[in-house]
Amino acid sequence: MGMSDMSKFFEALAMVTSLPKDQQDRFISEVKEQQRQVVINELNVGTVVRINHKKISPSDEFRITKINRKNVKCQKLNSSIIYTVAPSLLEVINK
């Protein structure tokens with residue numbers, strides 16, 4: 001972020017912190033929803049991905065089987081194991 005971006009960020013932060021708590025919560029959920037949409041727009045059923053999670057091996061690969069509004073179903077390649085995860089945990093593998 002450049003200097004003007006940083007000042008805009010702190011200006012926005014000051015505006016958000018001046019809002020009542022319920023409006024802050026609404027603002028935060030809107031931002032999270034936009035972030036989710038950006039990630040989901042990059043995903044497609046059939047795309048091969050990795051799941052960035054401490055309990056899942058980084059070498060395991062998964063194919064997306066279903067995309068929901070808040071989560072994505074992934075099936076481990078050559079297996080019947082299916083995980084339902086947040087889109088932010090997925091990393092597309094370019095093959």
# chains A, B, ... in the order shown; residues from 1 in each chain; ligands from 1
call {"tool": "residues_around", "arguments": {"residues": "Arg69 of chain A", "least_positions_apart": "6", "cutoff": "12 Å", "atoms": "only C-alpha atoms", "output": "tab-separated table (two decimals) with all heavy atoms, in the first residue's frame"}}
result
chain	number	residue	atom	x	y	z
A	33	GLU	N	-18.00	-11.02	3.21
A	33	GLU	CA	-18.78	-11.56	2.10
A	33	GLU	C	-18.13	-11.21	0.76
A	33	GLU	O	-18.03	-12.04	-0.13
A	33	GLU	CB	-20.22	-11.03	2.16
A	33	GLU	CG	-21.13	-11.53	1.06
A	33	GLU	CD	-21.31	-13.04	1.02
A	33	GLU	OE1	-21.25	-13.70	2.08
A	33	GLU	OE2	-21.48	-13.58	-0.08
A	34	GLN	N	-17.66	-9.96	0.62
A	34	GLN	CA	-16.98	-9.57	-0.63
A	34	GLN	C	-15.70	-10.38	-0.83
A	34	GLN	O	-15.42	-10.82	-1.94
A	34	GLN	CB	-16.64	-8.07	-0.60
A	34	GLN	CG	-17.85	-7.20	-0.88
A	34	GLN	CD	-17.47	-5.72	-1.01
A	34	GLN	OE1	-16.30	-5.37	-1.02
A	34	GLN	NE2	-18.48	-4.89	-1.13
A	35	GLN	N	-14.94	-10.59	0.25
A	35	GLN	CA	-13.71	-11.39	0.14
A	35	GLN	C	-14.04	-12.82	-0.30
A	35	GLN	O	-13.36	-13.39	-1.14
A	35	GLN	CB	-12.97	-11.43	1.49
A	35	GLN	CG	-12.32	-10.11	1.84
A	35	GLN	CD	-11.75	-10.11	3.25
A	35	GLN	OE1	-12.28	-10.77	4.15
A	35	GLN	NE2	-10.71	-9.35	3.46
A	36	ARG	N	-15.11	-13.38	0.29
A	36	ARG	CA	-15.53	-14.74	-0.08
A	36	ARG	C	-15.88	-14.81	-1.56
A	36	ARG	O	-15.50	-15.73	-2.26
A	36	ARG	CB	-16.76	-15.14	0.74
A	36	ARG	CG	-16.45	-16.07	1.88
A	36	ARG	CD	-17.69	-16.75	2.41
A	36	ARG	NE	-18.73	-15.84	2.81
A	36	ARG	CZ	-18.85	-15.28	4.00
A	36	ARG	NH1	-17.98	-15.56	4.95
A	36	ARG	NH2	-19.84	-14.46	4.27
A	37	GLN	N	-16.64	-13.80	-2.03
A	37	GLN	CA	-17.06	-13.79	-3.43
A	37	GLN	C	-15.87	-13.74	-4.37
A	37	GLN	O	-15.86	-14.42	-5.39
A	37	GLN	CB	-18.01	-12.61	-3.70
A	37	GLN	CG	-19.42	-12.84	-3.22
A	37	GLN	CD	-20.01	-14.15	-3.68
A	37	GLN	OE1	-20.45	-14.97	-2.88
A	37	GLN	NE2	-20.02	-14.42	-4.97
A	38	VAL	N	-14.86	-12.93	-4.03
A	38	VAL	CA	-13.67	-12.83	-4.87
A	38	VAL	C	-13.02	-14.21	-5.02
A	38	VAL	O	-12.68	-14.64	-6.12
A	38	VAL	CB	-12.66	-11.80	-4.29
A	38	VAL	CG1	-11.29	-11.93	-4.95
A	38	VAL	CG2	-13.20	-10.39	-4.47
A	39	VAL	N	-12.88	-14.92	-3.89
A	39	VAL	CA	-12.26	-16.26	-3.93
A	39	VAL	C	-13.16	-17.23	-4.69
A	39	VAL	O	-12.68	-17.95	-5.57
A	39	VAL	CB	-11.99	-16.78	-2.49
A	39	VAL	CG1	-11.49	-18.21	-2.53
A	39	VAL	CG2	-10.99	-15.88	-1.79
A	40	ILE	N	-14.45	-17.23	-4.39
A	40	ILE	CA	-15.38	-18.17	-5.04
A	40	ILE	C	-15.43	-17.95	-6.54
A	40	ILE	O	-15.51	-18.89	-7.31
A	40	ILE	CB	-16.78	-18.10	-4.38
A	40	ILE	CG1	-16.73	-18.83	-3.03
A	40	ILE	CG2	-17.85	-18.70	-5.27
A	40	ILE	CD1	-18.02	-18.80	-2.25
A	41	ASN	N	-15.33	-16.69	-6.98
A	41	ASN	CA	-15.37	-16.39	-8.42
A	41	ASN	C	-14.18	-17.01	-9.16
A	41	ASN	O	-14.24	-17.21	-10.37
A	41	ASN	CB	-15.42	-14.88	-8.67
A	41	ASN	CG	-16.75	-14.29	-8.25
A	41	ASN	OD1	-17.74	-15.00	-8.09
A	41	ASN	ND2	-16.79	-12.98	-8.07
A	84	THR	N	-15.45	-30.29	3.56
A	84	THR	CA	-16.18	-29.05	3.31
A	84	THR	C	-15.40	-27.95	4.00
A	84	THR	O	-15.22	-27.99	5.22
A	84	THR	CB	-17.62	-29.14	3.87
A	84	THR	OG1	-18.27	-30.25	3.27
A	84	THR	CG2	-18.39	-27.87	3.56
A	85	VAL	N	-14.89	-27.00	3.22
A	85	VAL	CA	-13.99	-25.98	3.77
A	85	VAL	C	-14.37	-24.58	3.31
A	85	VAL	O	-15.07	-24.40	2.31
A	85	VAL	CB	-12.51	-26.25	3.38
A	85	VAL	CG1	-12.04	-27.58	3.91
A	85	VAL	CG2	-12.32	-26.17	1.88
A	86	ALA	N	-13.85	-23.59	4.04
A	86	ALA	CA	-14.02	-22.19	3.64
A	86	ALA	C	-13.18	-21.95	2.39
A	86	ALA	O	-12.06	-22.46	2.28
A	86	ALA	CB	-13.56	-21.27	4.76
A	87	PRO	N	-13.68	-21.17	1.43
A	87	PRO	CA	-12.93	-20.91	0.20
A	87	PRO	C	-11.56	-20.30	0.44
A	87	PRO	O	-10.63	-20.52	-0.32
A	87	PRO	CB	-13.81	-19.95	-0.60
A	87	PRO	CG	-15.07	-19.79	0.14
A	87	PRO	CD	-14.99	-20.52	1.43
call {"tool": "select_by_dssp", "arguments": {"residues": "chain A", "states": "strand (DSSP E or B)", "output": "PyMOL selection string"}}
result
chain A and resi 48-51+62-67+72-76+82-85+90-92
call {"tool": "residues_around", "arguments": {"residues": "segment 60-66 of chain A", "least_positions_apart": "5", "cutoff": "8 Å", "atoms": "only C-alpha atoms", "output": "JSON, numbers by chain"}}
result
{"A": [44, 45, 46, 47, 48, 49, 50, 51, 72, 73, 74, 75, 76, 77]}
call {"tool": "residues_around", "arguments": {"residues": "segment 24-26 of chain A", "least_positions_apart": "6", "cutoff": "12 Å", "atoms": "only C-alpha atoms", "output": "PyMOL selection string"}}
result
chain A and resi 12-18+32-33
call {"tool": "atom_distance", "arguments": {"atom1": "atom CA of Ser88 of chain A", "atom2": "atom CA of Asn68 of chain A"}}
result
13.1 Å
call {"tool": "select_by_dssp", "arguments": {"residues": "segment 17-62 of chain A", "states": "alpha helix (DSSP H)", "output": "compact mmCIF listing (two decimals) with C-alpha atoms, in the first residue's frame"}}
result
# COMPACT_ATOMS: atom_id res chain seq x y z
CA THR A 17 -14.76 2.64 14.71
CA LYS A 21 -21.43 -1.77 17.36
CA ASP A 22 -24.27 -3.26 15.29
CA GLN A 23 -23.24 -1.21 12.24
CA GLN A 24 -19.57 -2.19 12.74
CA ASP A 25 -20.62 -5.85 12.74
CA ARG A 26 -22.68 -5.34 9.58
CA PHE A 27 -19.74 -3.59 7.87
CA ILE A 28 -17.36 -6.41 8.82
CA SER A 29 -19.73 -9.09 7.56
CA GLU A 30 -20.12 -7.19 4.25
CA VAL A 31 -16.33 -7.04 3.81
CA LYS A 32 -16.01 -10.77 4.58
CA GLU A 33 -18.78 -11.56 2.10
CA GLN A 34 -16.98 -9.57 -0.63
CA GLN A 35 -13.71 -11.39 0.14
CA ARG A 36 -15.53 -14.74 -0.08
CA GLN A 37 -17.06 -13.79 -3.43
CA VAL A 38 -13.67 -12.83 -4.87
CA VAL A 39 -12.26 -16.26 -3.93
CA ILE A 40 -15.38 -18.17 -5.04
CA ASN A 41 -15.37 -16.39 -8.42
call {"tool": "atom_distance", "arguments": {"atom1": "atom CA of Asn71 of chain A", "atom2": "atom CA of Ile56 of chain A"}}
result
16.8 Å
call {"tool": "atom_distance", "arguments": {"atom1": "atom CA of Leu89 of chain A", "atom2": "atom CA of His53 of chain A"}}
result
6.9 Å
call {"tool": "decode", "arguments": {"residues": "chain A", "atoms": "C-alpha atoms", "output": "PDB file, in the first residue's frame"}}
result
ATOM      1  CA  MET A   1       0.000   0.000   0.000  1.00  0.00           C
ATOM      2  CA  GLY A   2       1.234   3.468  -0.879  1.00  0.00           C
ATOM      3  CA  MET A   3       1.068   6.427   1.506  1.00  0.00           C
ATOM      4  CA  SER A   4      -2.258   7.709   0.153  1.00  0.00           C
ATOM      5  CA  ASP A   5      -3.676   4.183   0.397  1.00  0.00           C
ATOM      6  CA  MET A   6      -2.545   4.008   4.035  1.00  0.00           C
ATOM      7  CA  SER A   7      -4.133   7.348   4.889  1.00  0.00           C
ATOM      8  CA  LYS A   8      -7.376   6.217   3.193  1.00  0.00           C
ATOM      9  CA  PHE A   9      -7.205   2.988   5.192  1.00  0.00           C
ATOM     10  CA  PHE A  10      -6.822   4.823   8.519  1.00  0.00           C
ATOM     11  CA  GLU A  11      -9.548   7.304   7.511  1.00  0.00           C
ATOM     12  CA  ALA A  12     -11.890   4.386   6.787  1.00  0.00           C
ATOM     13  CA  LEU A  13     -10.850   2.678  10.025  1.00  0.00           C
ATOM     14  CA  ALA A  14     -11.651   5.842  12.000  1.00  0.00           C
ATOM     15  CA  MET A  15     -15.074   6.047  10.310  1.00  0.00           C
ATOM     16  CA  VAL A  16     -15.855   2.391  11.049  1.00  0.00           C
ATOM     17  CA  THR A  17     -14.761   2.640  14.707  1.00  0.00           C
ATOM     18  CA  SER A  18     -17.048   5.655  15.145  1.00  0.00           C
ATOM     19  CA  LEU A  19     -20.082   3.573  14.098  1.00  0.00           C
ATOM     20  CA  PRO A  20     -22.359   1.883  16.645  1.00  0.00           C
ATOM     21  CA  LYS A  21     -21.426  -1.766  17.360  1.00  0.00           C
ATOM     22  CA  ASP A  22     -24.267  -3.263  15.289  1.00  0.00           C
ATOM     23  CA  GLN A  23     -23.235  -1.214  12.237  1.00  0.00           C
ATOM     24  CA  GLN A  24     -19.569  -2.191  12.740  1.00  0.00           C
ATOM     25  CA  ASP A  25     -20.623  -5.854  12.741  1.00  0.00           C
ATOM     26  CA  ARG A  26     -22.684  -5.338   9.584  1.00  0.00           C
ATOM     27  CA  PHE A  27     -19.741  -3.594   7.873  1.00  0.00           C
ATOM     28  CA  ILE A  28     -17.358  -6.413   8.817  1.00  0.00           C
ATOM     29  CA  SER A  29     -19.730  -9.093   7.555  1.00  0.00           C
ATOM     30  CA  GLU A  30     -20.123  -7.188   4.250  1.00  0.00           C
ATOM     31  CA  VAL A  31     -16.325  -7.035   3.809  1.00  0.00           C
ATOM     32  CA  LYS A  32     -16.008 -10.769   4.584  1.00  0.00           C
ATOM     33  CA  GLU A  33     -18.784 -11.564   2.099  1.00  0.00           C
ATOM     34  CA  GLN A  34     -16.979  -9.566  -0.626  1.00  0.00           C
ATOM     35  CA  GLN A  35     -13.713 -11.393   0.140  1.00  0.00           C
ATOM     36  CA  ARG A  36     -15.533 -14.742  -0.079  1.00  0.00           C
ATOM     37  CA  GLN A  37     -17.065 -13.790  -3.432  1.00  0.00           C
ATOM     38  CA  VAL A  38     -13.665 -12.831  -4.873  1.00  0.00           C
ATOM     39  CA  VAL A  39     -12.265 -16.255  -3.926  1.00  0.00           C
ATOM     40  CA  ILE A  40     -15.378 -18.171  -5.035  1.00  0.00           C
ATOM     41  CA  ASN A  41     -15.367 -16.395  -8.421  1.00  0.00           C
ATOM     42  CA  GLU A  42     -11.901 -17.886  -9.061  1.00  0.00           C
ATOM     43  CA  LEU A  43     -13.071 -21.446  -8.296  1.00  0.00           C
ATOM     44  CA  ASN A  44     -14.931 -23.894 -10.512  1.00  0.00           C
ATOM     45  CA  VAL A  45     -16.324 -27.396 -10.011  1.00  0.00           C
ATOM     46  CA  GLY A  46     -13.608 -29.772 -11.221  1.00  0.00           C
ATOM     47  CA  THR A  47     -10.719 -27.427 -10.338  1.00  0.00           C
ATOM     48  CA  VAL A  48      -7.832 -29.180  -8.555  1.00  0.00           C
ATOM     49  CA  VAL A  49      -6.821 -27.449  -5.316  1.00  0.00           C
ATOM     50  CA  ARG A  50      -4.750 -27.789  -2.148  1.00  0.00           C
ATOM     51  CA  ILE A  51      -6.275 -27.143   1.272  1.00  0.00           C
ATOM     52  CA  ASN A  52      -4.134 -24.879   3.472  1.00  0.00           C
ATOM     53  CA  HIS A  53      -4.877 -26.360   6.888  1.00  0.00           C
ATOM     54  CA  LYS A  54      -2.581 -27.749   9.583  1.00  0.00           C
ATOM     55  CA  LYS A  55      -4.433 -31.088   9.741  1.00  0.00           C
ATOM     56  CA  ILE A  56      -4.248 -31.693   5.978  1.00  0.00           C
ATOM     57  CA  SER A  57      -1.014 -32.661   4.219  1.00  0.00           C
ATOM     58  CA  PRO A  58       0.198 -29.907   1.848  1.00  0.00           C
ATOM     59  CA  SER A  59       0.925 -32.598  -0.769  1.00  0.00           C
ATOM     60  CA  ASP A  60      -2.713 -33.808  -0.844  1.00  0.00           C
ATOM     61  CA  GLU A  61      -4.704 -32.683  -3.864  1.00  0.00           C
ATOM     62  CA  PHE A  62      -8.473 -32.286  -4.087  1.00  0.00           C
ATOM     63  CA  ARG A  63     -11.054 -31.744  -6.814  1.00  0.00           C
ATOM     64  CA  ILE A  64     -13.882 -29.280  -6.161  1.00  0.00           C
ATOM     65  CA  THR A  65     -17.214 -31.103  -6.318  1.00  0.00           C
ATOM     66  CA  LYS A  66     -19.615 -28.376  -5.153  1.00  0.00           C
ATOM     67  CA  ILE A  67     -19.472 -24.627  -4.480  1.00  0.00           C
ATOM     68  CA  ASN A  68     -21.880 -23.214  -1.895  1.00  0.00           C
ATOM     69  CA  ARG A  69     -22.273 -19.598  -0.758  1.00  0.00           C
ATOM     70  CA  LYS A  70     -19.996 -19.933   2.280  1.00  0.00           C
ATOM     71  CA  ASN A  71     -18.067 -23.163   1.722  1.00  0.00           C
ATOM     72  CA  VAL A  72     -16.695 -25.524  -0.909  1.00  0.00           C
ATOM     73  CA  LYS A  73     -16.821 -29.338  -1.027  1.00  0.00           C
ATOM     74  CA  CYS A  74     -13.567 -30.985  -2.135  1.00  0.00           C
ATOM     75  CA  GLN A  75     -12.887 -34.663  -2.778  1.00  0.00           C
ATOM     76  CA  LYS A  76      -9.374 -36.004  -2.263  1.00  0.00           C
ATOM     77  CA  LEU A  77      -7.971 -37.314  -5.564  1.00  0.00           C
ATOM     78  CA  ASN A  78      -8.096 -41.122  -5.862  1.00  0.00           C
ATOM     79  CA  SER A  79     -10.147 -41.333  -2.679  1.00  0.00           C
ATOM     80  CA  SER A  80     -13.716 -41.069  -1.396  1.00  0.00           C
ATOM     81  CA  ILE A  81     -12.738 -38.584   1.342  1.00  0.00           C
ATOM     82  CA  ILE A  82     -14.660 -35.294   1.090  1.00  0.00           C
ATOM     83  CA  TYR A  83     -13.924 -32.102   3.032  1.00  0.00           C
ATOM     84  CA  THR A  84     -16.184 -29.053   3.309  1.00  0.00           C
ATOM     85  CA  VAL A  85     -13.988 -25.980   3.773  1.00  0.00           C
ATOM     86  CA  ALA A  86     -14.019 -22.189   3.639  1.00  0.00           C
ATOM     87  CA  PRO A  87     -12.931 -20.912   0.197  1.00  0.00           C
ATOM     88  CA  SER A  88     -10.123 -18.893   1.823  1.00  0.00           C
ATOM     89  CA  LEU A  89      -8.332 -22.177   2.682  1.00  0.00           C
ATOM     90  CA  LEU A  90      -8.108 -23.257  -0.953  1.00  0.00           C
ATOM     91  CA  GLU A  91      -5.170 -22.804  -3.279  1.00  0.00           C
ATOM     92  CA  VAL A  92      -5.676 -23.574  -6.977  1.00  0.00           C
ATOM     93  CA  ILE A  93      -3.044 -25.898  -8.464  1.00  0.00           C
ATOM     94  CA  ASN A  94      -2.165 -24.941 -12.025  1.00  0.00           C
ATOM     95  CA  LYS A  95      -1.505 -28.124 -13.975  1.00  0.00           C
TER      96      LYS A  95
END
